[in-house]
Amino acid sequence: MTDQKNTAVVLLQLGGPDNLDAIEPFLYNLFCDPDIIDIPGAFLFRRPLARLISSLRAPKVQELYKSIGSKSPILEQTTLQADTLKKYFRDKQIDLPVYVAMRYWHPMTDIVVEHLIRDGIRKVILVPLYPHYSRATTGSSVNEWNRMLKQQGVEQQFEYSLVHSYPEHPLYIQALVERINEALERFSVEDREKVHLVFSAHGTPIKLVKEGDPYSHQIRKTFEAVVKQGKYSQPSTLCFQSKVGPQKWLTPSLTGTVERLAQDGVTHMLVIPIAFVSEHIETLSEINIEARNEALKFGVQVFEMMPALLDHPKFIECLAEVTLEKLETSNG
């Protein structure tokens, strides 16, 4: 087995509350993030503002979580992805341990850094489970990583490199196409041509786009690559979801798109969560409950959602490839 000499992979992910009582502290961590609340002078009031927002939002968010099992499945699903990736490396005779670092809930970055030190790891490949780079996701996770290294006084102990993004990686695109094809089989053969493919990505404020954030452009590249690779005869639309606060966000919105398509006579709809590689509140509640109810209200007869990639073999192989490419580059 190839020994990578004290090297490990750290998968970066958002995290999610593991019970109803964890929702308010999870939201507090989210709104305390300087990459989320970044208005001028925010450092003066970020914590009290985060406390206020999280306490106001928690009751409503708790109701949403109750509708999907009273907790986020993201830790179990990310652990599955980590275990499957570890097995992939083992099968290839590559000795690369895989850790999971969540941004806003456990296991959080500080604990993961402690575990890496304990296990004698000196070189780390950071692999975001966000295929598309945004300052608010990958950027925030890397900033937190650097803060925790500094806080624990171990900046000099680690050499690390980052997989920046992989929006057009052929294996990622193939995994999405295969998931879409599986989901299309839920529609009867005679109805399949009536299906409108609605690609939904997590939105970001327009402010980020204007500041040069590549996320929205990378999302469009993924969307175009999937439609081309899948050779779909069905019409397709790209939209955005999960808007929070008064700022202008990427458009069109998921709810607006569902309503418009229904009013245009679309009766069969497949929503494809293009930016999410696991299930959480944005897919299980926002798409599969809220958007579904809207669609049915406006006359859509059949509404389906593509399941997340999770441990799809091609997606795991994609993660392995981007990791090994980065490892080779950093070794070179």
# chains A, B, ... in the order shown; residues from 1 in each chain; ligands from 1
call {"tool": "residues_around", "arguments": {"residues": "Thr78 (chain A)", "least_positions_apart": "5", "cutoff": "12 Å", "atoms": "only C-alpha atoms", "output": "NGL selection string"}}
result
:A and (10-16 or 72-73 or 83-85 or 98-102 or 106-107 or 128-130 or 276-280 or 308-311 or 316)
call {"tool": "write_last_selection", "arguments": {"atoms": "N, CA and C atoms", "output": "mmCIF file, in the first residue's frame"}}
result
data_model
loop_
_atom_site.group_PDB
_atom_site.id
_atom_site.type_symbol
_atom_site.label_atom_id
_atom_site.label_comp_id
_atom_site.auth_asym_id
_atom_site.auth_seq_id
_atom_site.Cartn_x
_atom_site.Cartn_y
_atom_site.Cartn_z
ATOM 1 N N VAL A 10 -9.078 16.221 4.181
ATOM 2 C CA VAL A 10 -10.131 16.794 5.028
ATOM 3 C C VAL A 10 -11.257 17.272 4.116
ATOM 4 N N LEU A 11 -12.421 16.637 4.253
ATOM 5 C CA LEU A 11 -13.603 17.056 3.496
ATOM 6 C C LEU A 11 -14.251 18.243 4.215
ATOM 7 N N LEU A 12 -14.488 19.319 3.491
ATOM 8 C CA LEU A 12 -15.104 20.520 4.056
ATOM 9 C C LEU A 12 -16.588 20.551 3.707
ATOM 10 N N GLN A 13 -17.417 20.748 4.720
ATOM 11 C CA GLN A 13 -18.863 20.796 4.481
ATOM 12 C C GLN A 13 -19.489 21.786 5.456
ATOM 13 N N LEU A 14 -20.724 22.151 5.178
ATOM 14 C CA LEU A 14 -21.436 23.165 5.959
ATOM 15 C C LEU A 14 -21.776 22.701 7.373
ATOM 16 N N GLY A 15 -22.255 21.463 7.496
ATOM 17 C CA GLY A 15 -22.754 20.977 8.786
ATOM 18 C C GLY A 15 -24.225 21.299 8.933
ATOM 19 N N GLY A 16 -24.852 20.706 9.946
ATOM 20 C CA GLY A 16 -26.273 20.945 10.181
ATOM 21 C C GLY A 16 -26.649 20.511 11.576
ATOM 22 N N SER A 72 -30.784 17.469 10.793
ATOM 23 C CA SER A 72 -30.170 17.413 9.465
ATOM 24 C C SER A 72 -29.495 16.059 9.274
ATOM 25 N N PRO A 73 -29.635 15.450 8.090
ATOM 26 C CA PRO A 73 -28.938 14.177 7.829
ATOM 27 C C PRO A 73 -27.513 14.381 7.319
ATOM 28 N N ASP A 83 -16.241 7.714 4.312
ATOM 29 C CA ASP A 83 -15.927 6.278 4.423
ATOM 30 C C ASP A 83 -15.788 5.636 3.044
ATOM 31 N N THR A 84 -16.654 6.050 2.109
ATOM 32 C CA THR A 84 -16.608 5.482 0.751
ATOM 33 C C THR A 84 -15.346 5.934 0.031
ATOM 34 N N LEU A 85 -14.956 7.194 0.247
ATOM 35 C CA LEU A 85 -13.719 7.697 -0.360
ATOM 36 C C LEU A 85 -12.503 6.969 0.217
ATOM 37 N N VAL A 98 -9.238 9.945 5.794
ATOM 38 C CA VAL A 98 -10.176 11.008 5.406
ATOM 39 C C VAL A 98 -10.911 11.508 6.653
ATOM 40 N N TYR A 99 -10.855 12.805 6.881
ATOM 41 C CA TYR A 99 -11.528 13.445 8.019
ATOM 42 C C TYR A 99 -12.644 14.348 7.485
ATOM 43 N N VAL A 100 -13.582 14.687 8.350
ATOM 44 C CA VAL A 100 -14.684 15.590 7.995
ATOM 45 C C VAL A 100 -14.632 16.809 8.906
ATOM 46 N N ALA A 101 -14.593 18.002 8.307
ATOM 47 C CA ALA A 101 -14.634 19.251 9.085
ATOM 48 C C ALA A 101 -15.867 20.047 8.677
ATOM 49 N N MET A 102 -16.780 20.257 9.620
ATOM 50 C CA MET A 102 -17.990 21.030 9.360
ATOM 51 C C MET A 102 -17.751 22.498 9.741
ATOM 52 N N HIS A 106 -20.915 20.385 14.626
ATOM 53 C CA HIS A 106 -19.913 19.355 14.908
ATOM 54 C C HIS A 106 -19.885 18.258 13.834
ATOM 55 N N PRO A 107 -18.673 17.714 13.545
ATOM 56 C CA PRO A 107 -17.347 18.039 14.106
ATOM 57 C C PRO A 107 -16.776 19.304 13.452
ATOM 58 N N PRO A 128 -13.320 20.530 -0.674
ATOM 59 C CA PRO A 128 -14.661 21.018 -0.363
ATOM 60 C C PRO A 128 -15.737 20.135 -0.986
ATOM 61 N N LEU A 129 -16.783 19.875 -0.226
ATOM 62 C CA LEU A 129 -17.951 19.187 -0.788
ATOM 63 C C LEU A 129 -18.916 20.221 -1.381
ATOM 64 N N TYR A 130 -18.343 21.359 -1.750
ATOM 65 C CA TYR A 130 -19.018 22.363 -2.568
ATOM 66 C C TYR A 130 -18.290 22.328 -3.917
ATOM 67 N N PHE A 276 -25.918 20.837 -4.624
ATOM 68 C CA PHE A 276 -25.900 20.113 -3.348
ATOM 69 C C PHE A 276 -25.460 18.674 -3.586
ATOM 70 N N VAL A 277 -24.516 18.162 -2.786
ATOM 71 C CA VAL A 277 -24.075 16.774 -2.962
ATOM 72 C C VAL A 277 -24.618 15.862 -1.863
ATOM 73 N N SER A 278 -25.396 16.450 -0.944
ATOM 74 C CA SER A 278 -26.072 15.649 0.087
ATOM 75 C C SER A 278 -27.419 16.311 0.358
ATOM 76 N N GLU A 279 -28.261 15.624 1.126
ATOM 77 C CA GLU A 279 -29.588 16.173 1.422
ATOM 78 C C GLU A 279 -29.531 17.021 2.688
ATOM 79 N N HIS A 280 -30.247 18.118 2.679
ATOM 80 C CA HIS A 280 -30.449 18.876 3.916
ATOM 81 C C HIS A 280 -31.698 19.716 3.776
ATOM 82 N N ALA A 308 -29.826 13.456 -4.015
ATOM 83 C CA ALA A 308 -28.449 13.972 -3.985
ATOM 84 C C ALA A 308 -27.453 12.913 -4.453
ATOM 85 N N LEU A 309 -26.264 13.363 -4.833
ATOM 86 C CA LEU A 309 -25.223 12.440 -5.322
ATOM 87 C C LEU A 309 -24.761 11.478 -4.244
ATOM 88 N N LEU A 310 -24.641 11.960 -3.011
ATOM 89 C CA LEU A 310 -24.199 11.129 -1.873
ATOM 90 C C LEU A 310 -22.959 10.322 -2.228
ATOM 91 N N ASP A 311 -23.080 8.973 -2.198
ATOM 92 C CA ASP A 311 -21.905 8.126 -2.462
ATOM 93 C C ASP A 311 -21.953 7.516 -3.865
ATOM 94 N N ILE A 316 -17.717 9.812 -6.052
ATOM 95 C CA ILE A 316 -16.598 9.440 -5.165
ATOM 96 C C ILE A 316 -15.295 9.366 -5.961
#
call {"tool": "residues_around", "arguments": {"residues": "Ile125 (chain A)", "least_positions_apart": "6", "cutoff": "6 Å", "atoms": "only C-alpha atoms", "output": "list in words"}}
result
Val9, Tyr160, Ser161 and Leu162 of chain A
call {"tool": "atom_distance", "arguments": {"atom1": "CA of Thr255 (chain A)", "atom2": "CA of Lys228 (chain A)"}}
result
25.2 Å
call {"tool": "closest_residue", "arguments": {"among": "A:Leu75, A:Ala225, A:Ile53, A:Leu284", "to": "Leu171 (chain A)", "atoms": "only C-alpha atoms"}}
result
A:Ala225
call {"tool": "select_by_dssp", "arguments": {"residues": "region 132-219 of chain A", "states": "strand (DSSP E)", "output": "PDB file with all heavy atoms, in the first residue's frame"}}
result
ATOM      1  N   GLU A 159       1.358  21.563   6.342  1.00  0.00           N
ATOM      2  CA  GLU A 159       1.426  22.009   4.954  1.00  0.00           C
ATOM      3  C   GLU A 159       0.078  21.612   4.362  1.00  0.00           C
ATOM      4  O   GLU A 159      -0.336  20.464   4.496  1.00  0.00           O
ATOM      5  CB  GLU A 159       2.575  21.278   4.244  1.00  0.00           C
ATOM      6  CG  GLU A 159       2.726  21.634   2.782  1.00  0.00           C
ATOM      7  CD  GLU A 159       3.708  20.709   2.072  1.00  0.00           C
ATOM      8  OE1 GLU A 159       4.551  20.080   2.756  1.00  0.00           O
ATOM      9  OE2 GLU A 159       3.607  20.601   0.839  1.00  0.00           O
ATOM     10  N   TYR A 160      -0.622  22.556   3.765  1.00  0.00           N
ATOM     11  CA  TYR A 160      -1.916  22.163   3.203  1.00  0.00           C
ATOM     12  C   TYR A 160      -2.119  22.776   1.825  1.00  0.00           C
ATOM     13  O   TYR A 160      -1.542  23.805   1.489  1.00  0.00           O
ATOM     14  CB  TYR A 160      -3.077  22.538   4.135  1.00  0.00           C
ATOM     15  CG  TYR A 160      -3.503  23.985   4.104  1.00  0.00           C
ATOM     16  CD1 TYR A 160      -4.437  24.435   3.167  1.00  0.00           C
ATOM     17  CD2 TYR A 160      -2.983  24.908   5.011  1.00  0.00           C
ATOM     18  CE1 TYR A 160      -4.829  25.759   3.136  1.00  0.00           C
ATOM     19  CE2 TYR A 160      -3.377  26.235   4.983  1.00  0.00           C
ATOM     20  CZ  TYR A 160      -4.305  26.655   4.043  1.00  0.00           C
ATOM     21  OH  TYR A 160      -4.700  27.957   4.009  1.00  0.00           O
ATOM     22  N   SER A 161      -2.932  22.106   1.037  1.00  0.00           N
ATOM     23  CA  SER A 161      -3.323  22.652  -0.266  1.00  0.00           C
ATOM     24  C   SER A 161      -4.819  22.423  -0.447  1.00  0.00           C
ATOM     25  O   SER A 161      -5.396  21.508   0.145  1.00  0.00           O
ATOM     26  CB  SER A 161      -2.517  22.014  -1.400  1.00  0.00           C
ATOM     27  OG  SER A 161      -2.561  20.622  -1.315  1.00  0.00           O
ATOM     28  N   LEU A 162      -5.435  23.265  -1.266  1.00  0.00           N
ATOM     29  CA  LEU A 162      -6.888  23.283  -1.433  1.00  0.00           C
ATOM     30  C   LEU A 162      -7.288  22.886  -2.837  1.00  0.00           C
ATOM     31  O   LEU A 162      -6.759  23.414  -3.815  1.00  0.00           O
ATOM     32  CB  LEU A 162      -7.413  24.702  -1.135  1.00  0.00           C
ATOM     33  CG  LEU A 162      -8.881  24.985  -1.499  1.00  0.00           C
ATOM     34  CD1 LEU A 162      -9.829  24.237  -0.565  1.00  0.00           C
ATOM     35  CD2 LEU A 162      -9.151  26.493  -1.466  1.00  0.00           C
ATOM     36  N   VAL A 195     -41.761  16.347 -19.255  1.00  0.00           N
ATOM     37  CA  VAL A 195     -41.054  16.796 -18.050  1.00  0.00           C
ATOM     38  C   VAL A 195     -40.200  18.026 -18.351  1.00  0.00           C
ATOM     39  O   VAL A 195     -39.453  18.056 -19.333  1.00  0.00           O
ATOM     40  CB  VAL A 195     -40.156  15.668 -17.492  1.00  0.00           C
ATOM     41  CG1 VAL A 195     -39.356  16.164 -16.287  1.00  0.00           C
ATOM     42  CG2 VAL A 195     -41.001  14.455 -17.115  1.00  0.00           C
ATOM     43  N   HIS A 196     -40.304  19.027 -17.488  1.00  0.00           N
ATOM     44  CA  HIS A 196     -39.410  20.182 -17.562  1.00  0.00           C
ATOM     45  C   HIS A 196     -38.320  19.981 -16.501  1.00  0.00           C
ATOM     46  O   HIS A 196     -38.626  19.727 -15.334  1.00  0.00           O
ATOM     47  CB  HIS A 196     -40.177  21.480 -17.293  1.00  0.00           C
ATOM     48  CG  HIS A 196     -39.428  22.705 -17.729  1.00  0.00           C
ATOM     49  ND1 HIS A 196     -39.750  23.424 -18.862  1.00  0.00           N
ATOM     50  CD2 HIS A 196     -38.342  23.326 -17.200  1.00  0.00           C
ATOM     51  CE1 HIS A 196     -38.910  24.440 -18.993  1.00  0.00           C
ATOM     52  NE2 HIS A 196     -38.041  24.398 -17.993  1.00  0.00           N
ATOM     53  N   LEU A 197     -37.064  20.086 -16.913  1.00  0.00           N
ATOM     54  CA  LEU A 197     -35.938  19.908 -15.993  1.00  0.00           C
ATOM     55  C   LEU A 197     -35.620  21.250 -15.343  1.00  0.00           C
ATOM     56  O   LEU A 197     -35.186  22.190 -16.013  1.00  0.00           O
ATOM     57  CB  LEU A 197     -34.714  19.386 -16.744  1.00  0.00           C
ATOM     58  CG  LEU A 197     -34.901  18.085 -17.553  1.00  0.00           C
ATOM     59  CD1 LEU A 197     -33.614  17.739 -18.301  1.00  0.00           C
ATOM     60  CD2 LEU A 197     -35.320  16.947 -16.654  1.00  0.00           C
ATOM     61  N   VAL A 198     -35.855  21.335 -14.031  1.00  0.00           N
ATOM     62  CA  VAL A 198     -35.621  22.581 -13.300  1.00  0.00           C
ATOM     63  C   VAL A 198     -34.356  22.407 -12.449  1.00  0.00           C
ATOM     64  O   VAL A 198     -34.367  21.697 -11.444  1.00  0.00           O
ATOM     65  CB  VAL A 198     -36.826  22.938 -12.398  1.00  0.00           C
ATOM     66  CG1 VAL A 198     -36.544  24.232 -11.627  1.00  0.00           C
ATOM     67  CG2 VAL A 198     -38.095  23.072 -13.232  1.00  0.00           C
ATOM     68  N   PHE A 199     -33.267  23.013 -12.880  1.00  0.00           N
ATOM     69  CA  PHE A 199     -32.005  22.937 -12.142  1.00  0.00           C
ATOM     70  C   PHE A 199     -32.009  24.043 -11.091  1.00  0.00           C
ATOM     71  O   PHE A 199     -32.111  25.224 -11.438  1.00  0.00           O
ATOM     72  CB  PHE A 199     -30.820  23.124 -13.086  1.00  0.00           C
ATOM     73  CG  PHE A 199     -30.589  21.967 -14.015  1.00  0.00           C
ATOM     74  CD1 PHE A 199     -31.386  21.783 -15.136  1.00  0.00           C
ATOM     75  CD2 PHE A 199     -29.573  21.048 -13.773  1.00  0.00           C
ATOM     76  CE1 PHE A 199     -31.181  20.725 -16.006  1.00  0.00           C
ATOM     77  CE2 PHE A 199     -29.353  19.975 -14.632  1.00  0.00           C
ATOM     78  CZ  PHE A 199     -30.159  19.807 -15.748  1.00  0.00           C
ATOM     79  N   SER A 200     -31.900  23.659  -9.821  1.00  0.00           N
ATOM     80  CA  SER A 200     -31.949  24.643  -8.743  1.00  0.00           C
ATOM     81  C   SER A 200     -30.637  24.643  -7.964  1.00  0.00           C
ATOM     82  O   SER A 200     -30.191  23.610  -7.476  1.00  0.00           O
ATOM     83  CB  SER A 200     -33.113  24.342  -7.796  1.00  0.00           C
ATOM     84  OG  SER A 200     -33.238  25.365  -6.833  1.00  0.00           O
ATOM     85  N   ALA A 201     -30.034  25.823  -7.853  1.00  0.00           N
ATOM     86  CA  ALA A 201     -28.775  25.980  -7.109  1.00  0.00           C
ATOM     87  C   ALA A 201     -29.011  26.921  -5.939  1.00  0.00           C
ATOM     88  O   ALA A 201     -29.890  27.788  -5.990  1.00  0.00           O
ATOM     89  CB  ALA A 201     -27.695  26.557  -8.022  1.00  0.00           C
ATOM     90  N   HIS A 202     -28.221  26.751  -4.887  1.00  0.00           N
ATOM     91  CA  HIS A 202     -28.287  27.709  -3.781  1.00  0.00           C
ATOM     92  C   HIS A 202     -27.889  29.081  -4.315  1.00  0.00           C
ATOM     93  O   HIS A 202     -26.905  29.211  -5.037  1.00  0.00           O
ATOM     94  CB  HIS A 202     -27.336  27.283  -2.660  1.00  0.00           C
ATOM     95  CG  HIS A 202     -27.654  27.904  -1.343  1.00  0.00           C
ATOM     96  ND1 HIS A 202     -27.539  29.255  -1.115  1.00  0.00           N
ATOM     97  CD2 HIS A 202     -28.092  27.366  -0.177  1.00  0.00           C
ATOM     98  CE1 HIS A 202     -27.903  29.528   0.125  1.00  0.00           C
ATOM     99  NE2 HIS A 202     -28.245  28.397   0.726  1.00  0.00           N
TER     100      HIS A 202
END
call {"tool": "atom_distance", "arguments": {"atom1": "CA of Lys86 (chain A)", "atom2": "CA of Thr323 (chain A)"}}
result
11.7 Å
call {"tool": "residues_around", "arguments": {"residues": "Gly230 (chain A)", "least_positions_apart": "5", "cutoff": "10 Å", "atoms": "only C-alpha atoms", "output": "list in words"}}
result
Ile173, Gln174, Leu176, Val177, Glu178, Ile180, Asn181, Glu224 and Ala225 of chain A
call {"tool": "write_last_selection", "arguments": {"atoms": "C-alpha atoms", "output": "JSON list (two decimals), in the first residue's frame"}}
result
[["chain", "number", "residue", "atom", "x", "y", "z"],
["A", 173, "ILE", "CA", -21.05, 15.74, -14.61],
["A", 174, "GLN", "CA", -21.55, 12.02, -15.35],
["A", 176, "LEU", "CA", -25.35, 14.18, -12.15],
["A", 177, "VAL", "CA", -26.50, 12.85, -15.53],
["A", 178, "GLU", "CA", -26.94, 9.34, -14.10],
["A", 180, "ILE", "CA", -31.16, 12.68, -13.45],
["A", 181, "ASN", "CA", -31.74, 9.65, -15.66],
["A", 224, "GLU", "CA", -24.66, 23.60, -19.51],
["A", 225, "ALA", "CA", -22.29, 20.61, -19.27]]
call {"tool": "select_by_dssp", "arguments": {"residues": "region 217-278 of chain A", "states": "helix (DSSP H, G or I)", "output": "ChimeraX atom specification"}}
result
/A:217-230,254-263
call {"tool": "residues_around", "arguments": {"residues": "Lys326 (chain A)", "least_positions_apart": "2", "cutoff": "10 Å", "atoms": "only C-alpha atoms", "output": "PDB file with N, CA, C and O atoms, in the first residue's frame"}}
result
ATOM      1  N   ILE A 125      -4.796  17.722   2.395  1.00  0.00           N
ATOM      2  CA  ILE A 125      -5.482  18.163   1.177  1.00  0.00           C
ATOM      3  C   ILE A 125      -6.904  18.518   1.588  1.00  0.00           C
ATOM      4  O   ILE A 125      -7.657  17.650   2.051  1.00  0.00           O
ATOM      5  N   LEU A 126      -7.267  19.800   1.468  1.00  0.00           N
ATOM      6  CA  LEU A 126      -8.626  20.236   1.784  1.00  0.00           C
ATOM      7  C   LEU A 126      -9.495  20.044   0.541  1.00  0.00           C
ATOM      8  O   LEU A 126      -9.198  20.593  -0.533  1.00  0.00           O
ATOM      9  N   VAL A 127     -10.559  19.247   0.694  1.00  0.00           N
ATOM     10  CA  VAL A 127     -11.454  18.955  -0.435  1.00  0.00           C
ATOM     11  C   VAL A 127     -12.866  19.423  -0.089  1.00  0.00           C
ATOM     12  O   VAL A 127     -13.552  18.803   0.732  1.00  0.00           O
ATOM     13  N   SER A 161      -2.932  22.106   1.037  1.00  0.00           N
ATOM     14  CA  SER A 161      -3.323  22.652  -0.266  1.00  0.00           C
ATOM     15  C   SER A 161      -4.819  22.423  -0.447  1.00  0.00           C
ATOM     16  O   SER A 161      -5.396  21.508   0.145  1.00  0.00           O
ATOM     17  N   LEU A 162      -5.435  23.265  -1.266  1.00  0.00           N
ATOM     18  CA  LEU A 162      -6.888  23.283  -1.433  1.00  0.00           C
ATOM     19  C   LEU A 162      -7.288  22.886  -2.837  1.00  0.00           C
ATOM     20  O   LEU A 162      -6.759  23.414  -3.815  1.00  0.00           O
ATOM     21  N   VAL A 163      -8.262  21.965  -2.934  1.00  0.00           N
ATOM     22  CA  VAL A 163      -8.953  21.732  -4.198  1.00  0.00           C
ATOM     23  C   VAL A 163      -9.954  22.879  -4.322  1.00  0.00           C
ATOM     24  O   VAL A 163     -10.911  22.968  -3.549  1.00  0.00           O
ATOM     25  N   HIS A 164      -9.718  23.776  -5.252  1.00  0.00           N
ATOM     26  CA  HIS A 164     -10.490  25.027  -5.323  1.00  0.00           C
ATOM     27  C   HIS A 164     -11.949  24.767  -5.702  1.00  0.00           C
ATOM     28  O   HIS A 164     -12.882  25.216  -5.029  1.00  0.00           O
ATOM     29  N   ALA A 320     -11.843  11.500  -5.471  1.00  0.00           N
ATOM     30  CA  ALA A 320     -10.524  10.839  -5.412  1.00  0.00           C
ATOM     31  C   ALA A 320      -9.577  11.456  -6.441  1.00  0.00           C
ATOM     32  O   ALA A 320      -8.414  11.753  -6.135  1.00  0.00           O
ATOM     33  N   GLU A 321     -10.083  11.675  -7.650  1.00  0.00           N
ATOM     34  CA  GLU A 321      -9.230  12.228  -8.717  1.00  0.00           C
ATOM     35  C   GLU A 321      -8.738  13.636  -8.383  1.00  0.00           C
ATOM     36  O   GLU A 321      -7.555  13.941  -8.550  1.00  0.00           O
ATOM     37  N   VAL A 322      -9.651  14.500  -7.918  1.00  0.00           N
ATOM     38  CA  VAL A 322      -9.219  15.875  -7.620  1.00  0.00           C
ATOM     39  C   VAL A 322      -8.244  15.887  -6.440  1.00  0.00           C
ATOM     40  O   VAL A 322      -7.321  16.711  -6.395  1.00  0.00           O
ATOM     41  N   THR A 323      -8.440  14.949  -5.509  1.00  0.00           N
ATOM     42  CA  THR A 323      -7.511  14.844  -4.369  1.00  0.00           C
ATOM     43  C   THR A 323      -6.126  14.416  -4.830  1.00  0.00           C
ATOM     44  O   THR A 323      -5.106  15.028  -4.468  1.00  0.00           O
ATOM     45  N   LEU A 324      -6.075  13.354  -5.634  1.00  0.00           N
ATOM     46  CA  LEU A 324      -4.777  12.819  -6.064  1.00  0.00           C
ATOM     47  C   LEU A 324      -4.054  13.782  -6.996  1.00  0.00           C
ATOM     48  O   LEU A 324      -2.828  13.889  -6.957  1.00  0.00           O
ATOM     49  N   GLU A 328      -0.424  15.246  -6.131  1.00  0.00           N
ATOM     50  CA  GLU A 328       0.700  15.142  -7.065  1.00  0.00           C
ATOM     51  C   GLU A 328       1.307  16.528  -7.310  1.00  0.00           C
ATOM     52  O   GLU A 328       2.533  16.686  -7.322  1.00  0.00           O
ATOM     53  N   THR A 329       0.450  17.524  -7.473  1.00  0.00           N
ATOM     54  CA  THR A 329       0.925  18.901  -7.715  1.00  0.00           C
ATOM     55  C   THR A 329       1.717  19.406  -6.512  1.00  0.00           C
ATOM     56  O   THR A 329       2.787  19.999  -6.655  1.00  0.00           O
ATOM     57  N   SER A 330       1.178  19.149  -5.318  1.00  0.00           N
ATOM     58  CA  SER A 330       1.841  19.659  -4.105  1.00  0.00           C
ATOM     59  C   SER A 330       3.131  18.901  -3.825  1.00  0.00           C
ATOM     60  O   SER A 330       4.060  19.440  -3.216  1.00  0.00           O
ATOM     61  N   ASN A 331       3.211  17.637  -4.292  1.00  0.00           N
ATOM     62  CA  ASN A 331       4.441  16.869  -4.110  1.00  0.00           C
ATOM     63  C   ASN A 331       5.512  17.291  -5.123  1.00  0.00           C
ATOM     64  O   ASN A 331       6.701  17.140  -4.895  1.00  0.00           O
ATOM     65  N   GLY A 332       4.993  17.776  -6.290  1.00  0.00           N
ATOM     66  CA  GLY A 332       5.904  18.097  -7.390  1.00  0.00           C
ATOM     67  C   GLY A 332       6.736  19.328  -7.120  1.00  0.00           C
ATOM     68  O   GLY A 332       7.779  19.526  -7.678  1.00  0.00           O
TER      69      GLY A 332
END
call {"tool": "closest_atom_pairs", "arguments": {"of": "region 274-307 of chain A", "to": "region 186-194 of chain A", "cutoff": "12 Å", "atoms": "only C-alpha atoms", "output": "JSON lines"}}
result
{"residue": "A:Val300", "atom": "CA", "partner": "A:Lys194", "partner_atom": "CA", "distance": 11.1}
{"residue": "A:Gln301", "atom": "CA", "partner": "A:Asp191", "partner_atom": "CA", "distance": 10.7}
{"residue": "A:Val302", "atom": "CA", "partner": "A:Phe187", "partner_atom": "CA", "distance": 8.0}
{"residue": "A:Phe303", "atom": "CA", "partner": "A:Phe187", "partner_atom": "CA", "distance": 9.4}
{"residue": "A:Glu304", "atom": "CA", "partner": "A:Arg186", "partner_atom": "CA", "distance": 7.9}
{"residue": "A:Met305", "atom": "CA", "partner": "A:Arg186", "partner_atom": "CA", "distance": 10.0}
{"residue": "A:Met306", "atom": "CA", "partner": "A:Arg186", "partner_atom": "CA", "distance": 10.1}
{"residue": "A:Pro307", "atom": "CA", "partner": "A:Arg186", "partner_atom": "CA", "distance": 11.9}
call {"tool": "residues_around", "arguments": {"residues": "region 66-69 of chain A", "least_positions_apart": "6", "cutoff": "10 Å", "atoms": "only C-alpha atoms", "output": "JSON, numbers by chain"}}
result
{"A": [19, 20, 280, 281, 284, 285, 288, 289]}
call {"tool": "closest_residue", "arguments": {"among": "A:His268, A:Arg122, A:Lys248, A:His169", "to": "Lys5 (chain A)", "atoms": "only C-alpha atoms"}}
result
A:Arg122
call {"tool": "residues_around", "arguments": {"residues": "Leu250 (chain A)", "least_positions_apart": "2", "cutoff": "8 Å", "atoms": "only C-alpha atoms", "output": "PyMOL selection string"}}
result
chain A and resi 203-206+240+248+252-253
call {"tool": "atom_distance", "arguments": {"atom1": "CA of Gly245 (chain A)", "atom2": "CA of Phe31 (chain A)"}}
result
11.6 Å
call {"tool": "residues_around", "arguments": {"residues": "Leu261 (chain A)", "least_positions_apart": "3", "cutoff": "10 Å", "atoms": "only C-alpha atoms", "output": "ChimeraX atom specification"}}
result
/A:196,198,237,256-258,264-269,295,298,300
